[in-house]
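Raw contents of coords-v5.cif, mmCIF, C-alpha atoms:
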data_query
#
loop_
_atom_site.group_PDB
_atom_site.id
_atom_site.type_symbol
_atom_site.label_atom_id
_atom_site.label_comp_id
_atom_site.auth_asym_id
_atom_site.auth_seq_id
_atom_site.Cartn_x
_atom_site.Cartn_y
_atom_site.Cartn_z
ATOM 1 C CA MET H 19 0.000 0.000 0.000
ATOM 2 C CA ARG H 20 2.791 2.420 0.845
ATOM 3 C CA ILE H 21 4.550 1.638 -2.456
ATOM 4 C CA ILE H 22 1.383 2.403 -4.425
ATOM 5 C CA ARG H 23 0.929 5.734 -2.650
ATOM 6 C CA LYS H 24 4.554 6.614 -3.300
ATOM 7 C CA ILE H 25 4.166 5.793 -6.975
ATOM 8 C CA ASP H 26 0.957 7.884 -7.191
ATOM 9 C CA PHE H 27 2.735 10.811 -5.558
ATOM 10 C CA ILE H 28 5.634 10.525 -7.987
ATOM 11 C CA LYS H 29 3.190 10.484 -10.924
ATOM 12 C CA LEU H 30 1.398 13.552 -9.580
ATOM 13 C CA LEU H 31 4.662 15.398 -9.055
ATOM 14 C CA SER H 32 5.778 14.509 -12.574
ATOM 15 C CA LEU H 33 2.493 15.802 -13.972
ATOM 16 C CA VAL H 34 2.901 19.131 -12.138
ATOM 17 C CA ILE H 35 6.458 19.482 -13.422
ATOM 18 C CA ILE H 36 5.279 18.821 -16.977
ATOM 19 C CA LEU H 37 2.252 21.137 -16.834
ATOM 20 C CA ALA H 38 3.842 24.079 -14.996
ATOM 21 C CA PRO H 39 5.960 25.318 -17.935
ATOM 22 C CA ALA H 40 2.995 24.861 -20.262
ATOM 23 C CA LEU H 41 0.785 26.960 -17.987
ATOM 24 C CA MET H 42 3.467 29.644 -17.747
ATOM 25 C CA ILE H 43 3.864 29.693 -21.525
ATOM 26 C CA SER H 44 0.088 29.910 -21.942
ATOM 27 C CA SER H 45 -0.123 32.813 -19.470
ATOM 28 C CA CYS H 46 2.751 34.695 -21.101
ATOM 29 C CA SER H 47 1.286 34.044 -24.526
ATOM 30 C CA LYS H 48 -2.078 35.439 -23.397
ATOM 31 C CA ASP H 49 -0.451 38.584 -21.942
ATOM 32 C CA ASP H 50 1.633 39.094 -25.080
ATOM 33 C CA THR H 51 -1.425 38.660 -27.297
ATOM 34 C CA LEU H 52 -3.365 41.290 -25.351
ATOM 35 C CA PHE H 53 -0.400 43.662 -25.470
ATOM 36 C CA ASP H 54 -0.193 43.177 -29.235
ATOM 37 C CA GLU H 55 -3.826 44.311 -29.430
ATOM 38 C CA LEU H 56 -3.338 47.273 -27.078
ATOM 39 C CA LYS H 57 0.153 48.524 -27.890
ATOM 40 C CA GLY H 58 0.438 52.023 -29.250
ATOM 41 C CA THR H 59 -1.158 55.339 -28.327
ATOM 42 C CA TRP H 60 -4.866 55.602 -27.546
ATOM 43 C CA SER H 61 -6.348 59.121 -27.458
ATOM 44 C CA VAL H 62 -9.694 59.856 -25.859
ATOM 45 C CA ARG H 63 -12.517 60.590 -28.280
ATOM 46 C CA ASP H 64 -15.494 60.821 -25.935
ATOM 47 C CA PHE H 65 -16.201 61.176 -22.231
ATOM 48 C CA TYR H 66 -19.732 60.203 -21.241
ATOM 49 C CA THR H 67 -21.803 58.909 -18.331
ATOM 50 C CA THR H 68 -24.729 56.494 -18.400
ATOM 51 C CA VAL H 69 -27.423 56.558 -15.711
ATOM 52 C CA THR H 70 -30.795 54.914 -15.109
ATOM 53 C CA ALA H 71 -33.738 57.151 -14.208
ATOM 54 C CA THR H 72 -35.535 56.262 -10.963
ATOM 55 C CA LYS H 73 -38.415 58.664 -11.706
ATOM 56 C CA ASP H 74 -39.761 60.913 -14.446
ATOM 57 C CA PHE H 75 -37.887 64.210 -14.619
ATOM 58 C CA SER H 76 -36.551 66.864 -16.970
ATOM 59 C CA PHE H 77 -33.176 68.584 -16.994
ATOM 60 C CA LEU H 78 -31.082 70.989 -19.017
ATOM 61 C CA ASP H 79 -28.859 68.852 -21.236
ATOM 62 C CA MET H 80 -25.907 71.234 -21.193
ATOM 63 C CA ASN H 81 -23.600 68.822 -23.033
ATOM 64 C CA SER H 82 -26.086 67.747 -25.692
ATOM 65 C CA PRO H 83 -24.303 66.380 -28.795
ATOM 66 C CA GLN H 84 -26.805 68.364 -30.873
ATOM 67 C CA GLY H 85 -25.657 71.616 -29.274
ATOM 68 C CA TRP H 86 -27.701 74.501 -27.910
ATOM 69 C CA SER H 87 -30.592 75.976 -29.871
ATOM 70 C CA GLY H 88 -30.898 79.605 -30.944
ATOM 71 C CA GLU H 89 -29.069 81.915 -33.295
ATOM 72 C CA VAL H 90 -25.778 83.737 -33.657
ATOM 73 C CA LEU H 91 -25.570 86.908 -35.746
ATOM 74 C CA GLU H 92 -22.424 88.569 -37.045
ATOM 75 C CA ASN H 93 -23.152 92.109 -38.199
ATOM 76 C CA ASN H 94 -26.828 91.051 -38.299
ATOM 77 C CA VAL H 95 -26.067 88.137 -40.641
ATOM 78 C CA PRO H 96 -26.620 84.550 -39.386
ATOM 79 C CA VAL H 97 -23.327 82.787 -38.701
ATOM 80 C CA GLN H 98 -22.870 79.659 -40.816
ATOM 81 C CA ASN H 99 -21.877 76.134 -39.761
ATOM 82 C CA CYS H 100 -22.820 76.636 -36.107
ATOM 83 C CA VAL H 101 -22.548 73.694 -33.713
ATOM 84 C CA ASN H 102 -23.135 75.679 -30.490
ATOM 85 C CA LYS H 103 -21.654 72.971 -28.268
ATOM 86 C CA PHE H 104 -21.010 73.429 -24.571
ATOM 87 C CA TYR H 105 -17.913 71.867 -22.996
ATOM 88 C CA ASP H 106 -17.082 71.783 -19.296
ATOM 89 C CA ASN H 107 -14.260 69.235 -19.058
ATOM 90 C CA THR H 108 -11.990 71.772 -17.355
ATOM 91 C CA SER H 109 -12.825 75.430 -17.996
ATOM 92 C CA PRO H 110 -16.325 75.714 -19.538
ATOM 93 C CA TYR H 111 -16.711 77.170 -23.009
ATOM 94 C CA ILE H 112 -19.103 77.216 -25.954
ATOM 95 C CA ALA H 113 -17.861 76.478 -29.456
ATOM 96 C CA ILE H 114 -20.075 78.346 -31.919
ATOM 97 C CA ASN H 115 -18.084 77.092 -34.904
ATOM 98 C CA LYS H 116 -14.409 76.672 -35.758
ATOM 99 C CA ASP H 117 -13.892 80.457 -35.838
ATOM 100 C CA ILE H 118 -15.894 81.569 -32.787
ATOM 101 C CA ILE H 119 -15.365 80.191 -29.277
ATOM 102 C CA LEU H 120 -16.599 81.852 -26.099
ATOM 103 C CA SER H 121 -14.815 80.921 -22.877
ATOM 104 C CA LEU H 122 -17.226 81.100 -19.956
ATOM 105 C CA GLY H 123 -14.542 80.448 -17.372
ATOM 106 C CA ASN H 124 -12.143 83.300 -18.087
ATOM 107 C CA LYS H 125 -14.601 85.418 -20.125
ATOM 108 C CA ARG H 126 -12.650 85.504 -23.335
ATOM 109 C CA LEU H 127 -13.868 85.531 -26.916
ATOM 110 C CA ILE H 128 -11.809 83.759 -29.555
ATOM 111 C CA TYR H 129 -12.651 85.130 -32.980
ATOM 112 C CA LYS H 130 -10.716 83.605 -35.865
ATOM 113 C CA ASN H 131 -7.060 84.121 -34.923
ATOM 114 C CA SER H 132 -7.644 86.820 -32.271
ATOM 115 C CA GLN H 133 -8.678 86.843 -28.613
ATOM 116 C CA PHE H 134 -10.714 89.473 -26.779
ATOM 117 C CA ASP H 135 -11.478 89.911 -23.091
ATOM 118 C CA VAL H 136 -15.239 90.402 -22.761
ATOM 119 C CA VAL H 137 -17.705 91.269 -20.007
ATOM 120 C CA PHE H 138 -20.931 89.275 -19.642
ATOM 121 C CA ASN H 139 -22.941 87.152 -17.189
ATOM 122 C CA SER H 140 -21.259 83.782 -17.635
ATOM 123 C CA GLU H 141 -22.974 82.338 -14.541
ATOM 124 C CA GLU H 142 -26.343 82.554 -16.281
ATOM 125 C CA ALA H 143 -25.015 80.330 -19.044
ATOM 126 C CA ILE H 144 -23.208 77.892 -16.748
ATOM 127 C CA ASN H 145 -26.003 77.517 -14.187
ATOM 128 C CA ASN H 146 -29.150 78.009 -16.268
ATOM 129 C CA GLY H 147 -28.105 77.115 -19.800
ATOM 130 C CA ASN H 148 -29.044 80.547 -21.087
ATOM 131 C CA LEU H 149 -26.645 82.729 -23.073
ATOM 132 C CA GLN H 150 -27.730 86.133 -24.369
ATOM 133 C CA VAL H 151 -24.796 88.420 -25.096
ATOM 134 C CA GLU H 152 -23.709 91.092 -27.548
ATOM 135 C CA PHE H 153 -20.109 92.059 -28.264
ATOM 136 C CA ASN H 154 -18.625 94.885 -30.326
ATOM 137 C CA PHE H 155 -14.952 94.811 -31.277
ATOM 138 C CA MET H 156 -12.504 95.519 -34.066
ATOM 139 C CA TYR H 157 -11.033 92.682 -36.086
ATOM 140 C CA GLY H 158 -8.138 94.340 -37.835
ATOM 141 C CA THR H 159 -9.726 97.404 -39.394
ATOM 142 C CA ASN H 160 -13.204 95.877 -39.542
ATOM 143 C CA PRO H 161 -15.855 96.521 -36.871
ATOM 144 C CA VAL H 162 -17.664 93.376 -35.716
ATOM 145 C CA ASN H 163 -20.997 93.133 -33.920
ATOM 146 C CA LEU H 164 -21.645 89.662 -32.541
ATOM 147 C CA LYS H 165 -24.996 88.686 -31.028
ATOM 148 C CA ILE H 166 -25.355 85.282 -29.366
ATOM 149 C CA ASN H 167 -28.745 84.020 -28.221
ATOM 150 C CA LEU H 168 -28.572 80.355 -27.194
ATOM 151 C CA GLN H 169 -30.446 78.018 -24.862
ATOM 152 C CA ALA H 170 -29.487 74.548 -23.637
ATOM 153 C CA PRO H 171 -32.117 71.948 -24.623
ATOM 154 C CA LEU H 172 -34.553 70.691 -21.987
ATOM 155 C CA LYS H 173 -34.586 66.899 -21.994
ATOM 156 C CA GLU H 174 -37.447 64.734 -20.708
ATOM 157 C CA VAL H 175 -36.547 61.423 -19.043
ATOM 158 C CA LYS H 176 -38.897 58.578 -18.115
ATOM 159 C CA THR H 177 -38.559 56.145 -15.210
ATOM 160 C CA GLY H 178 -36.342 53.179 -16.073
ATOM 161 C CA ASN H 179 -34.812 54.792 -19.144
ATOM 162 C CA THR H 180 -31.049 54.780 -19.616
ATOM 163 C CA LEU H 181 -29.700 58.271 -20.138
ATOM 164 C CA THR H 182 -26.329 59.108 -21.698
ATOM 165 C CA ILE H 183 -24.714 62.410 -20.741
ATOM 166 C CA TYR H 184 -21.795 63.415 -22.950
ATOM 167 C CA GLY H 185 -18.671 65.441 -22.299
ATOM 168 C CA SER H 186 -19.324 66.447 -18.691
ATOM 169 C CA LYS H 187 -16.676 67.246 -16.103
ATOM 170 C CA GLU H 188 -18.181 64.459 -13.980
ATOM 171 C CA SER H 189 -17.323 61.938 -16.698
ATOM 172 C CA LEU H 190 -13.787 63.288 -16.831
ATOM 173 C CA ALA H 191 -13.480 62.944 -13.055
ATOM 174 C CA GLY H 192 -14.595 59.320 -13.328
ATOM 175 C CA VAL H 193 -12.088 58.444 -16.055
ATOM 176 C CA PRO H 194 -9.432 61.212 -16.048
ATOM 177 C CA LEU H 195 -7.157 59.532 -18.606
ATOM 178 C CA SER H 196 -6.952 61.467 -21.865
ATOM 179 C CA GLU H 197 -4.187 59.361 -23.400
ATOM 180 C CA LEU H 198 -2.880 55.817 -22.906
ATOM 181 C CA ARG H 199 0.359 54.454 -24.347
ATOM 182 C CA PHE H 200 0.924 50.765 -23.710
ATOM 183 C CA MET H 201 4.705 50.378 -23.848
ATOM 184 C CA SER H 202 5.046 46.703 -22.840
ATOM 185 C CA PRO H 203 2.941 43.913 -21.295
ATOM 186 C CA THR H 204 3.367 45.709 -17.938
ATOM 187 C CA GLU H 205 4.358 49.348 -18.631
ATOM 188 C CA VAL H 206 1.944 52.166 -19.467
ATOM 189 C CA ARG H 207 2.346 55.913 -19.979
ATOM 190 C CA GLY H 208 0.009 58.696 -20.968
ATOM 191 C CA LYS H 209 -1.805 61.840 -19.840
ATOM 192 C CA LEU H 210 -4.388 62.423 -17.126
ATOM 193 C CA THR H 211 -6.323 65.371 -15.724
ATOM 194 C CA LEU H 212 -6.434 65.827 -11.953
ATOM 195 C CA ASN H 213 -7.816 68.992 -10.337
ATOM 196 C CA ASN H 214 -8.174 70.562 -13.802
ATOM 197 C CA ILE H 215 -4.449 70.093 -14.484
ATOM 198 C CA LEU H 216 -3.263 67.986 -17.420
ATOM 199 C CA ASP H 217 -0.169 65.974 -16.538
ATOM 200 C CA ASN H 218 1.889 63.112 -17.935
ATOM 201 C CA PHE H 219 2.019 59.819 -16.075
ATOM 202 C CA SER H 220 3.877 56.516 -16.066
ATOM 203 C CA GLY H 221 3.320 53.240 -14.272
ATOM 204 C CA THR H 222 2.136 49.670 -14.666
ATOM 205 C CA TRP H 223 -0.957 47.897 -15.925
ATOM 206 C CA SER H 224 -2.398 44.408 -15.644
ATOM 207 C CA VAL H 225 -5.594 42.664 -16.692
ATOM 208 C CA ASN H 226 -7.803 40.111 -14.964
ATOM 209 C CA LEU H 227 -10.724 38.966 -17.115
ATOM 210 C CA ASP H 228 -12.428 42.231 -18.205
ATOM 211 C CA ILE H 229 -10.815 44.435 -15.534
ATOM 212 C CA ILE H 230 -7.716 46.510 -16.233
ATOM 213 C CA SER H 231 -5.748 47.714 -13.195
ATOM 214 C CA LEU H 232 -3.594 50.833 -13.408
ATOM 215 C CA ASN H 233 -0.944 51.835 -10.880
ATOM 216 C CA ILE H 234 0.478 55.124 -12.124
ATOM 217 C CA LYS H 235 2.108 58.341 -10.918
ATOM 218 C CA SER H 236 1.790 61.791 -12.463
ATOM 219 C CA THR H 237 5.057 63.344 -13.613
ATOM 220 C CA ALA H 238 4.774 66.941 -12.393
ATOM 221 C CA GLY H 239 2.346 66.544 -9.510
ATOM 222 C CA GLN H 240 3.821 63.238 -8.295
ATOM 223 C CA VAL H 241 0.289 62.024 -7.521
ATOM 224 C CA GLN H 242 -0.118 58.274 -7.113
ATOM 225 C CA TYR H 243 -3.230 57.019 -8.911
ATOM 226 C CA MET H 244 -4.496 53.448 -8.608
ATOM 227 C CA GLN H 245 -7.748 52.453 -10.258
ATOM 228 C CA ASN H 246 -9.542 49.461 -11.736
ATOM 229 C CA TYR H 247 -11.624 49.908 -14.879
ATOM 230 C CA LYS H 248 -13.860 47.591 -16.778
ATOM 231 C CA PHE H 249 -12.556 47.569 -20.325
ATOM 232 C CA LEU H 250 -13.954 46.664 -23.709
ATOM 233 C CA LEU H 251 -11.757 46.323 -26.770
ATOM 234 C CA THR H 252 -13.373 46.446 -30.205
ATOM 235 C CA GLU H 253 -11.880 46.575 -33.691
ATOM 236 C CA SER H 254 -11.497 50.350 -33.495
ATOM 237 C CA ASP H 255 -12.141 51.455 -29.906
ATOM 238 C CA LEU H 256 -10.991 50.943 -26.343
ATOM 239 C CA ILE H 257 -13.645 51.774 -23.732
ATOM 240 C CA LEU H 258 -12.878 52.152 -20.020
ATOM 241 C CA SER H 259 -15.751 52.282 -17.532
ATOM 242 C CA THR H 260 -16.140 52.741 -13.794
ATOM 243 C CA GLU H 261 -18.995 53.279 -11.372
ATOM 244 C CA SER H 262 -19.342 56.748 -9.870
ATOM 245 C CA VAL H 263 -16.650 57.265 -7.245
ATOM 246 C CA TYR H 264 -18.621 59.967 -5.409
ATOM 247 C CA PRO H 265 -21.988 58.324 -4.645
ATOM 248 C CA GLN H 266 -22.612 60.523 -1.580
ATOM 249 C CA ASP H 267 -22.057 63.828 -3.388
ATOM 250 C CA ARG H 268 -24.135 65.596 -5.994
ATOM 251 C CA ILE H 269 -23.086 63.753 -9.139
ATOM 252 C CA PHE H 270 -24.494 66.258 -11.633
ATOM 253 C CA THR H 271 -25.214 69.877 -10.796
ATOM 254 C CA ASN H 272 -28.449 69.846 -12.813
ATOM 255 C CA ILE H 273 -29.771 66.367 -11.817
ATOM 256 C CA PRO H 274 -30.632 65.411 -8.208
ATOM 257 C CA ASN H 275 -28.979 62.170 -7.072
ATOM 258 C CA GLU H 276 -32.326 60.663 -6.082
ATOM 259 C CA ASN H 277 -33.451 60.829 -9.724
ATOM 260 C CA ILE H 278 -30.775 58.454 -11.001
ATOM 261 C CA THR H 279 -29.004 55.192 -10.242
ATOM 262 C CA ASN H 280 -26.426 52.906 -11.909
ATOM 263 C CA VAL H 281 -24.137 55.870 -12.579
ATOM 264 C CA ILE H 282 -21.253 54.670 -14.756
ATOM 265 C CA HIS H 283 -18.558 56.889 -16.265
ATOM 266 C CA HIS H 284 -16.995 55.938 -19.599
ATOM 267 C CA ALA H 285 -14.129 57.057 -21.802
ATOM 268 C CA LYS H 286 -13.820 55.949 -25.420
ATOM 269 C CA TYR H 287 -10.375 55.902 -27.051
ATOM 270 C CA SER H 288 -9.119 55.367 -30.567
ATOM 271 C CA ARG H 289 -5.701 55.063 -32.206
#
Represent the structure of the file as structure tokens.
Amino acid sequence: MRIIRKIDFIKLLSLVIILAPALMISSCSKDDTLFDELKGTWSVRDFYTTVTATKDFSFLDMNSPQGWSGEVLENNVPVQNCVNKFYDNTSPYIAINKDIILSLGNKRLIYKNSQFDVVFNSEEAINNGNLQVEFNFMYGTNPVNLKINLQAPLKEVKTGNTLTIYGSKESLAGVPLSELRFMSPTEVRGKLTLNNILDNFSGTWSVNLDIISLNIKSTAGQVQYMQNYKFLLTESDLILSTESVYPQDRIFTNIPNENITNVIHHAKYSR
């Protein structure tokens, strides 16, 4: 009986010795394959947050992909190719078109290749989604009168519906990584925004099933940042997602917390 047990133990030990290198090779091969799919530079294309409505409500969709409604007149002529999009990732601003951008944070008008300090009630736009301003300035030797009359769209939401909110500062806070560069199966570099400051970072990454773990440090601020994200890799996109990290605070300034649940922040990247 003892001889049989000894033989069985020897067989088991031999099997472990044979399988161990194979398992290590398989693991390394899997890591290398994933790195081959991820290597390179991924730049963020969209920040957005998905929520589920717990009741019927309406809210000002400040970051609507369709932009704000209204009109913009330049010397009493409608401005062409307007998008009228509001952005509040760091300092809030409204992009009228490629030539006209109004910074609400530092009250500055960018007109073509010139900048002008302007005076207006930016809080009305930021807090209430209402922008009614008129500016007069000289562009070279030409006088310009610019009238902007815009309103953020009011969106109706029904109980149980999934709502997607694009480009908000809350989404950026949830996934503050604007660039990812996978350098090796363990090394990652890139750019992140913390406290409205864009900084470079370096560190390590690892993956377990559909969770990617980042352990990184910002270059200038020397801030250690460790976070797990659910990730999805498609043919053209890399999507990182995480549940809201501030469930006790007001998640969105224009939506009460009790109106929403399942708050998940996302960032979509492309190469």
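Applied to the file shown here, the PyMOL selection byres ((chain H and resi 282) around 6) selects Thr67, Thr68, Thr260, Glu261, Ser262, Val281 and His283 of chain H.
Within 8 Å of the file-frame point (-30.5, 53.8, -18.3), and using all atoms listed in the file, the polymer residues found are Thr68, Val69, Thr70, Ala71, Gly178, Asn179, Thr180, Leu181, Thr182 and Asn280 of chain H.
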Next on the checklist: Can you pull out the residues contacting Gly147 in chain H? Cut-off 12 Å, using only C-alpha atoms, and skip same-chain residues under 6 positions away; I want them as a ChimeraX atom specification.
Outcome noted: /H:77-82,85-88,102-105,110-112,122,139-141,167-172,271-272
Export of prior selection with C-alpha atoms as a PDB file, in the coordinates of the input:
ATOM      1  CA  PHE H  77     -33.176  68.584 -16.994  1.00  0.00           C
ATOM      2  CA  LEU H  78     -31.082  70.989 -19.017  1.00  0.00           C
ATOM      3  CA  ASP H  79     -28.859  68.852 -21.236  1.00  0.00           C
ATOM      4  CA  MET H  80     -25.907  71.234 -21.193  1.00  0.00           C
ATOM      5  CA  ASN H  81     -23.600  68.822 -23.033  1.00  0.00           C
ATOM      6  CA  SER H  82     -26.086  67.747 -25.692  1.00  0.00           C
ATOM      7  CA  GLY H  85     -25.657  71.616 -29.274  1.00  0.00           C
ATOM      8  CA  TRP H  86     -27.701  74.501 -27.910  1.00  0.00           C
ATOM      9  CA  SER H  87     -30.592  75.976 -29.871  1.00  0.00           C
ATOM     10  CA  GLY H  88     -30.898  79.605 -30.944  1.00  0.00           C
ATOM     11  CA  ASN H 102     -23.135  75.679 -30.490  1.00  0.00           C
ATOM     12  CA  LYS H 103     -21.654  72.971 -28.268  1.00  0.00           C
ATOM     13  CA  PHE H 104     -21.010  73.429 -24.571  1.00  0.00           C
ATOM     14  CA  TYR H 105     -17.913  71.867 -22.996  1.00  0.00           C
ATOM     15  CA  PRO H 110     -16.325  75.714 -19.538  1.00  0.00           C
ATOM     16  CA  TYR H 111     -16.711  77.170 -23.009  1.00  0.00           C
ATOM     17  CA  ILE H 112     -19.103  77.216 -25.954  1.00  0.00           C
ATOM     18  CA  LEU H 122     -17.226  81.100 -19.956  1.00  0.00           C
ATOM     19  CA  ASN H 139     -22.941  87.152 -17.189  1.00  0.00           C
ATOM     20  CA  SER H 140     -21.259  83.782 -17.635  1.00  0.00           C
ATOM     21  CA  GLU H 141     -22.974  82.338 -14.541  1.00  0.00           C
ATOM     22  CA  ASN H 167     -28.745  84.020 -28.221  1.00  0.00           C
ATOM     23  CA  LEU H 168     -28.572  80.355 -27.194  1.00  0.00           C
ATOM     24  CA  GLN H 169     -30.446  78.018 -24.862  1.00  0.00           C
ATOM     25  CA  ALA H 170     -29.487  74.548 -23.637  1.00  0.00           C
ATOM     26  CA  PRO H 171     -32.117  71.948 -24.623  1.00  0.00           C
ATOM     27  CA  LEU H 172     -34.553  70.691 -21.987  1.00  0.00           C
ATOM     28  CA  THR H 271     -25.214  69.877 -10.796  1.00  0.00           C
ATOM     29  CA  ASN H 272     -28.449  69.846 -12.813  1.00  0.00           C
TER      30      ASN H 272
END
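Taking CA of Ser121 in chain H as the reference point, CA of Asp217 in chain H is found at 21.9 Å.
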Could you give me, as a short mmCIF file (atom, residue, chain, number, x, y, z; two decimals) with C-alpha atoms, in the coordinates of the input, the residues within 10 Å of range 125-129 of chain H, counting all atoms listed in the file and dropping anything in the same chain fewer than 6 positions from it?
data_model
loop_
_atom_site.label_atom_id
_atom_site.label_comp_id
_atom_site.auth_asym_id
_atom_site.auth_seq_id
_atom_site.Cartn_x
_atom_site.Cartn_y
_atom_site.Cartn_z
CA PRO H 110 -16.32 75.71 -19.54
CA TYR H 111 -16.71 77.17 -23.01
CA ILE H 112 -19.10 77.22 -25.95
CA ALA H 113 -17.86 76.48 -29.46
CA ASN H 115 -18.08 77.09 -34.90
CA LYS H 116 -14.41 76.67 -35.76
CA ASP H 117 -13.89 80.46 -35.84
CA ILE H 118 -15.89 81.57 -32.79
CA ILE H 119 -15.36 80.19 -29.28
CA ASP H 135 -11.48 89.91 -23.09
CA VAL H 136 -15.24 90.40 -22.76
CA VAL H 137 -17.70 91.27 -20.01
CA PHE H 138 -20.93 89.28 -19.64
CA ASN H 139 -22.94 87.15 -17.19
CA SER H 140 -21.26 83.78 -17.64
CA PHE H 153 -20.11 92.06 -28.26
CA TYR H 157 -11.03 92.68 -36.09
#
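With distances taken over all atoms listed in the file, H:Tyr287 is the one residue among H:Tyr184, H:Phe53, H:Phe65, H:Tyr287 lying closest to Glu197 in chain H.
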Residue neighbourhood Pro96 in chain H, 10 Å, all atoms listed in the file, exclusion window fewer than 5 positions, as a short mmCIF file (atom, residue, chain, number, x, y, z; two decimals) with C-alpha atoms, in the frame of the given file:
data_model
loop_
_atom_site.label_atom_id
_atom_site.label_comp_id
_atom_site.auth_asym_id
_atom_site.auth_seq_id
_atom_site.Cartn_x
_atom_site.Cartn_y
_atom_site.Cartn_z
CA GLU H 89 -29.07 81.92 -33.30
CA VAL H 90 -25.78 83.74 -33.66
CA LEU H 91 -25.57 86.91 -35.75
CA LEU H 164 -21.64 89.66 -32.54
CA LYS H 165 -25.00 88.69 -31.03
#
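Considering the residues H:Thr177, H:Ser288, H:Ser236, H:Ser220 and counting all atoms listed in the file, Glu253 in chain H has its shortest atom-to-atom contact with H:Ser288.
Taking CA of Arg63 in chain H as the reference point, CA of Leu227 in chain H is found at 24.4 Å.
Counting from CA of Arg207 in chain H, the distance to CA of Asn233 in chain H is 10.5 Å.
Proximity to Gly221 in chain H was assessed for H:Thr204, H:Gln98, H:Lys209, H:Ser61 counting only C-alpha atoms; the smallest distance is recorded for H:Thr204.
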Item to check | Among the residues H:Leu198, H:Val162, H:Thr237, H:Asn218, the one that comes closest to Arg289 in chain H [using only C-alpha atoms] | outcome: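 Answer, going by the shortest atom-to-atom distance: H:Leu198.
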Return as lines of an AutoDock Vina configuration file the box centre and box size in Å, one decimal, for an axis-aligned box around all listed atoms of range 194-204 of chain H padded by 3 Å per side.
center_x = -2.2
center_y = 52.7
center_z = -20.2
size_x = 20.5
size_y = 23.6
size_z = 14.3
Give as a PDB file with C-alpha atoms, keeping the file's coordinate frame the residues that the PyMOL selection byres ((chain H and resi 57) around 8) matches when applied to the coordinates above.
ATOM      1  CA  PHE H  53      -0.400  43.662 -25.470  1.00  0.00           C
ATOM      2  CA  ASP H  54      -0.193  43.177 -29.235  1.00  0.00           C
ATOM      3  CA  GLU H  55      -3.826  44.311 -29.430  1.00  0.00           C
ATOM      4  CA  LEU H  56      -3.338  47.273 -27.078  1.00  0.00           C
ATOM      5  CA  GLY H  58       0.438  52.023 -29.250  1.00  0.00           C
ATOM      6  CA  THR H  59      -1.158  55.339 -28.327  1.00  0.00           C
ATOM      7  CA  ARG H 199       0.359  54.454 -24.347  1.00  0.00           C
ATOM      8  CA  PHE H 200       0.924  50.765 -23.710  1.00  0.00           C
ATOM      9  CA  MET H 201       4.705  50.378 -23.848  1.00  0.00           C
ATOM     10  CA  SER H 202       5.046  46.703 -22.840  1.00  0.00           C
TER      11      SER H 202
END
Block slice range 54-65 of chain H, N, CA and C atoms, emitted as a PDB file, in the first residue's frame:
ATOM      1  N   ASP H  54      -0.232  42.953 -27.789  1.00  0.00           N
ATOM      2  CA  ASP H  54      -0.193  43.177 -29.235  1.00  0.00           C
ATOM      3  C   ASP H  54      -1.445  43.917 -29.704  1.00  0.00           C
ATOM      4  N   GLU H  55      -2.578  43.651 -29.051  1.00  0.00           N
ATOM      5  CA  GLU H  55      -3.826  44.311 -29.430  1.00  0.00           C
ATOM      6  C   GLU H  55      -3.909  45.733 -28.879  1.00  0.00           C
ATOM      7  N   LEU H  56      -3.232  45.973 -27.742  1.00  0.00           N
ATOM      8  CA  LEU H  56      -3.338  47.273 -27.078  1.00  0.00           C
ATOM      9  C   LEU H  56      -2.176  48.216 -27.367  1.00  0.00           C
ATOM     10  N   LYS H  57      -1.046  47.692 -27.797  1.00  0.00           N
ATOM     11  CA  LYS H  57       0.153  48.524 -27.890  1.00  0.00           C
ATOM     12  C   LYS H  57      -0.062  49.704 -28.836  1.00  0.00           C
ATOM     13  N   GLY H  58       0.603  50.790 -28.487  1.00  0.00           N
ATOM     14  CA  GLY H  58       0.438  52.023 -29.250  1.00  0.00           C
ATOM     15  C   GLY H  58      -0.213  53.093 -28.398  1.00  0.00           C
ATOM     16  N   THR H  59      -0.582  54.187 -29.026  1.00  0.00           N
ATOM     17  CA  THR H  59      -1.158  55.339 -28.327  1.00  0.00           C
ATOM     18  C   THR H  59      -2.655  55.422 -28.577  1.00  0.00           C
ATOM     19  N   TRP H  60      -3.415  55.453 -27.488  1.00  0.00           N
ATOM     20  CA  TRP H  60      -4.866  55.602 -27.546  1.00  0.00           C
ATOM     21  C   TRP H  60      -5.227  56.993 -27.031  1.00  0.00           C
ATOM     22  N   SER H  61      -5.921  57.772 -27.846  1.00  0.00           N
ATOM     23  CA  SER H  61      -6.348  59.121 -27.458  1.00  0.00           C
ATOM     24  C   SER H  61      -7.855  59.133 -27.235  1.00  0.00           C
ATOM     25  N   VAL H  62      -8.272  59.846 -26.195  1.00  0.00           N
ATOM     26  CA  VAL H  62      -9.694  59.856 -25.859  1.00  0.00           C
ATOM     27  C   VAL H  62     -10.492  60.570 -26.944  1.00  0.00           C
ATOM     28  N   ARG H  63     -11.632  60.002 -27.282  1.00  0.00           N
ATOM     29  CA  ARG H  63     -12.517  60.590 -28.280  1.00  0.00           C
ATOM     30  C   ARG H  63     -13.796  61.115 -27.647  1.00  0.00           C
ATOM     31  N   ASP H  64     -14.263  60.418 -26.612  1.00  0.00           N
ATOM     32  CA  ASP H  64     -15.494  60.821 -25.935  1.00  0.00           C
ATOM     33  C   ASP H  64     -15.411  60.500 -24.450  1.00  0.00           C
ATOM     34  N   PHE H  65     -15.900  61.448 -23.629  1.00  0.00           N
ATOM     35  CA  PHE H  65     -16.201  61.176 -22.231  1.00  0.00           C
ATOM     36  C   PHE H  65     -17.723  61.174 -22.104  1.00  0.00           C
TER      37      PHE H  65
END
